[in-house]
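Everything on this sheet refers to the single structure shown next.
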Amino acid sequence: IELRLKLAEAHRELERRTQQMEEVHRVGIALSAEKDLATLQHLILRTSREATSADAGTLYLIEEDENKEKSLVFQYSQNDSVDAPYQRQVMPMSTASVSGYVAVTWQIQRIDDVYDLPADAPYSFNKWFDETFGYRTTSVLAVPMENHEGNVVGVIQLLNRKRDFATTLTPENAAREVQPFTAEDEQVLSSFASQAAVALENQMLLENIQRLFAGFVRASVTAIEARDPTTFGHSDRVARLTVGLAEAINEVQRDRWRDVHFSVEQLKELEYAGLLHDFGKVGVREHVLVKAKKLYDWKLQEVQSRFRIARQQIENRSLNDRLDFVLENGRDRYRAQEPILLEECDAALSDLDSALQVVIAANEPSVLEEERLQWLIQVAERTVVMPDGMIMPLIDDDDMVNVSIRKGTLNEEERKEIESHVTHSFNFLSQIPWTKDLQGIPNIAYAHHEKLNGRGYPRHLQAAEIPIQAKMMTVSDIFDALTASDRPYKAAVPLARALDILGYEVKDGGLDREILDLFIEKEVYRRVLSTDALEFGRAASAN
């Protein structure tokens with residue numbers, strides 16, 4: 001009977017160990033698929049504890065600074081019996097502690113009772129946690145995490161092996177329930193620690209690559225904005241607004257949006273697309289990119305120079321006329337006529353100054369009214385004799401084309417060059433070997449200036465051809481262009497007015513009504529507007 005009982009117990013133990021190894025193997029496979037570092041760390045420690053019936057555990061990682069100096073980091077901790085907060089701590093690589101000893105020597109430590117260490121033990125046990133939270137640490141198992149290259153990247157340290165994993169330890173039952181860790185526990189944990197080390201290192205490497213790429217994206221945005229400082233912050237705001245819209249869709253889950261959901265990876269894709277949507281502006285000539293008025297400064301200076309010459313000619317002509325009058329009619333008659341002659345000169349100069357003011361006013365990036373256009377045409381018909389004898393119009397044909405732009409500051413050629421930034425962005429972004437999660441970035445950026453009615457650019461897509469992400473980005477892009485306070489050539493539009501303009505775009509068939517409704521309902525604009533801008537918008541709306 002006794003033999004049968006022993007055989008049955010051995011069979012149960014074998015079965016338990018088999019199940020234990022199978023579970024560790026299953027979790028080891030799962031580790032390689034986990035993409036979130038915090039979740040991965042939790043899974044590693046939880047699995048280690050379950051496999052060995054440990055009440056508590058800590059995950060330590062080895063880090064290197066820029067000087068190649070290594071340190072041991074208290075990274076993550078779990079305890080089923082004590083609800084105690086933990087904080088990430090950086091410690092020197094030293095053999096003074098159990099975990100430090102394992103990290104330095106790569107030797108497993110299995111201790112039955114840390115309060116009863118041998119006199120020659122190279123390390124001591126820090127009782128601070130036990131004394132602070134009323135815990136009693138007894139058995140310890142600390143195993144190095146060795147990667148595929150044979151380097152130790154961390155330590156798994158487990159505390160208090162329990163008879164039953166589900167038991168909560170108390171001061172009353174701890175002595176009865178806690179057992180020493182076994183050689184089998186050591187074997188299982190060592191095997192699992194190696195799998196965990198590889199998975200953890202791979203995930204940390206992936207996160208480092210992601211941080212590197214995020215840095216590249218931010219550097220790219222800085223390069224764009226360095227060429228056009230007037231739009232500083234635009235790309236970041238568009239990214240925040242577009243991601244905000246996606247999160248709003250995830251939240252409402254009704255009507256059209258019931259079956260639409262953006263994953264964490266898709267939200268990251270949207271963020272990068274928003275940040276890089278204007279990258280193609282690096283392919284636009286800088287003077288076109290930053291053109292704030294209809295005439296470039298040097299062109300306006302040429303126009304003003306011709307007006308100055310015309311002014312001098314009027315003054316010279318008036319002086320010659322008065323001199324001729326004196327010579328022909330005598331000084332006495334001149335004195336009587338002088339006010340009339342000076343008045344004629346002043347009138348001509350005033351008329352010339354008015355003509356110049358028409359040009360200067362038309363040069364501003366405002367809508368050119370028909371009346372002012374007719375004045376410009378009249379001014380363009382006037383000529384001036386240049387110092388070299390050449391007769392030139394006060395406004396030459398090229399200047400007239402620019403200063404008579406009906407809306408904005410760009411002539412047709414310049415407008416097409418600016419619009420080409422979308423194609424430049426697509427061509428550039430298409431060269432990047434995106435991961436599967438980010439492959440949509442080029443096409444999202446490519447369509448952010450398209451309109452549902454086909455009047456957008458550069459491909460004049462129809463509504464069904466435009467990705468929903470691009471439809472969202474279009475709303476964000478226009479909103480920020482309207483409300484941005486950093487444009488020197490225009491004032492920021494108040495919130496209420498900006499939303500009205502977006503509404504007109506919806507009525508005109510350009511924007512998606514349901515996306516705009518959600519943008520307003522969920523107040524997505526709060527992600528980029530300051531409190532002052534919101535208050536200004538409310539005041540403007542009230543007035």
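Ligands are numbered from 1 in the order shown, chains are lettered A, B, ... in the order of the structure tokens, and residues start at 1 in each chain.
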*Could you pull out all residues of segment 252-414 of chain A with a DSSP call of strand (DSSP E) and give them as a list in words?*
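Taking segment 252-414 of chain A and keeping strand (DSSP E) only, one gets Thr383, Val384, Val385, Ile391, Met392 and Pro393 of chain A.
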_I'd like to know which residues of segment 215-416 of chain A are helix (DSSP H, G or I) (by DSSP, run on the backbone); could you write them as a VMD selection string?_
chain A and resid 215 to 227 229 to 231 234 to 252 255 to 257 264 to 276 279 to 283 286 to 289 297 to 362 370 to 380 397 to 403 412 to 416
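Take the candidates A:Met93, A:Ala226, A:Ala51, A:Val264 and check each one against Glu186 of chain A using only C-alpha atoms; the shortest distance goes to A:Ala51.
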